[in-house]
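Engineer: Below is the structure I would like to discuss, written out as structure tokens.
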Amino acid sequence: MTLLAPARPTVLPSAPPRRKRNKQWIGALYAAPTAFVVGMFFVVPLGLVVWMSLHHWPLLGAPTLNAPENYAGLGDDELLRTAVWFTLKYTVVVTVLLFALSFGLALMVQHRRRGVGLLRTAFFLPAAVGFASASLLFLGLLSDEIGPVNDLLAGDAYVSWTSGSPNTALGSAVVLVLWRFAGFNMLILLTGLQAIPLDVYEAARLDGATRFQIFRRITVPLMRPTIALVLTLMITGSLLAFDQFWILTRGGPDNSTTSLVMVIYREAFIELDLGSAAAISVVLLGVLVVFNAIQLGVLRRRSQ
Amino acid sequence: MKLRSTAFGVTGAALAILFLFPLLWSAWASTRTPTGFGLENYRRLFTSDNGIRVEHVVNSLTVCALTVGGTLLVATLGGYAFGRFTFPGKNALFLLTLAILMVPYATILIALYVLLEWIGLQDSLLGLSLVLIMFQLPFSIFMMRNAFEAIPKELEESALIDGCTSFGALTRIMLHAVRPGLITVGLFAFLTSWSEFFAPLILLNSTSKFTVMLAVVNMRTASFGAIDYAALEAGVTFMAVPCLLLFLVLQRSYVRGFMSGALRG
């Protein structure tokens, strides 16, 4: 991870000090728009969400301090508890399946041969479509009214994939996510695969390693940073799932596919209680930041 | 060997069909009418009570233009600063920008909703665009910093010796050299702002301010009776075609930029 810019002199060594200081100011000036956007629309809201979580904050009307009521109230929220479990279950299912599929696709298209370019494009193309559009697409695709899936799979029996039962609703969302995101993750994994020098494989083959041994002992260890990145993206994305359930299943049947972010939305704009919504946000945020920090830490230690 | 390559061909073709099928089906379903094929569904998409109006298209294009323009401007200047200058707080600001990735945006949208109200940008396309620009920055700044770093130093120095200011060097020479990066950043900003759903859902309230994406989803969520699936697929196709075309045209520079830039770290 070379996230930090190497501190190297950007001025000729012979340049006089004053010019150097001048240049510093110019650099800061170029960075000013970034600083403004990041400060105003990221740092301030970040503080504000914590501040809001300590208040009774109705959508309309003046906020009043009520800490720690918003947090205390989270424990009694039945819907929230269902949503937490559902979101965790969904995250595990999606991460395992999506990772297996993406890695499989990446291995399949890693070597240049005839048709590989076309395959890569085909797998990646769904990622160019917006996720909300993709959700609507699947709503039609899986519908009994105009979709072909029911005719193919269910025969004459009527099945509502998206709202028939909790399992088919979850399954529909998972298939949608696999279709939409496999190509994108394949591309990231492909970058990692292609960064492994060919002579490492060559040497292993000369030593008589089997294909499986090469995969286990060379490919996977050398891919570790990329794998970690992809898993982080998948887990974070799944914990924040919204579009697919909002559009495809509407959280149903019986709130069985209501995700955490849907609960946040509901608290804020249906219950009109921004304070509680902020409190859920802060908890979710804390979990994700801790998770990401651990992930980064493990990654750093391993790559050293 | 022959067998293996046949197996590869068959599996590959089958998978490719599975991935392309939904896209093709959506286009096909959007032109199906009870009597054959036609643009009947598209007519309903643009004329029914819950459908897309011209103002929604104008709104979407406005948000796209503001987001793409704003992202390119901020990321070019920022990337130049991070790639070519040292200044106090440089590393801190860079890390803070990348931290946007660590803080999932769904969690701060509630606060952004309140903040935009305070500064008079609630229910405004400009406010939405500013938020979208912020979400684009980690990727864009990282990309542009790498692009500027990769330019040979001599190129800039020769311009500076010729009497250019650093801004002159940027506009006359450097911009040309970072063009692939700019294309990737711009394409990403367009795809996001055109298709984004959650941010506009929260930040825009009145139907007259809706983007096309909101309007299309509204056809599903606001309908209490039967959903007009065919018109919905017309909406999906209308939303997807610009993205797919743009991606296919710019695929080369997009994938190259993606692989060389964003994931080098």
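Letters A, B, ... mark the chains of the structure tokens in the order given; residue numbers begin at 1 per chain; ligand numbers begin at 1, in order shown.
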Quick one: everything within 8 Å of A:Gln244, counting only C-alpha atoms, minus sequence neighbours fewer than 6 positions away in the same chain. Send it as a count of residues only.
Structural biologist: 6
Engineer: Pull the closest atom pair for each residue of chain A that gets at most 7 Å from chain B, along with the distance in Å to one decimal, counting only C-alpha atoms, ordering rows by chain and then ascending residue number, as a tab-separated table.
Structural biologist:
residue	atom	partner	partner_atom	distance
A:Met1	CA	B:Gly265	CA	4.7
A:Thr2	CA	B:Gly265	CA	5.1
A:Leu3	CA	B:Gly265	CA	5.9
A:Leu4	CA	B:Asn91	CA	6.5
A:Thr10	CA	B:Phe85	CA	6.2
A:Gln24	CA	B:Phe87	CA	4.7
A:Trp25	CA	B:Phe87	CA	6.9
A:Gly27	CA	B:Ala81	CA	5.0
A:Ala28	CA	B:Phe87	CA	5.7
A:Tyr30	CA	B:Leu77	CA	5.1
A:Ala31	CA	B:Gly78	CA	4.7
A:Pro33	CA	B:Val74	CA	5.8
A:Thr34	CA	B:Val74	CA	5.9
A:Ala35	CA	B:Leu93	CA	6.9
A:Val37	CA	B:Met134	CA	6.2
A:Val38	CA	B:Thr97	CA	6.4
A:Phe41	CA	B:Val131	CA	6.5
A:Pro45	CA	B:Ala111	CA	5.1
A:Leu46	CA	B:Ile108	CA	6.3
A:Leu48	CA	B:Ala111	CA	5.9
A:Val49	CA	B:Ala111	CA	5.1
A:Leu119	CA	B:Ala16	CA	6.1
A:Ala122	CA	B:Ala16	CA	5.6
A:Phe123	CA	B:Phe19	CA	6.0
A:Ala128	CA	B:Cys243	CA	6.0
A:Val129	CA	B:Ala240	CA	5.3
A:Gly130	CA	B:Ser195	CA	4.7
A:Ala132	CA	B:Phe197	CA	6.3
A:Ser133	CA	B:Val236	CA	5.4
A:Leu136	CA	B:Val236	CA	6.8
A:Leu137	CA	B:Val236	CA	6.2
A:Gly140	CA	B:Tyr229	CA	5.8
A:Trp179	CA	B:Phe19	CA	6.6
A:Thr191	CA	B:Met259	CA	6.1
A:Ala278	CA	B:Ile110	CA	6.8
A:Ser281	CA	B:Thr107	CA	4.8
A:Leu285	CA	B:Val103	CA	6.5
A:Val289	CA	B:Met102	CA	6.4
A:Asn292	CA	B:Met102	CA	6.9
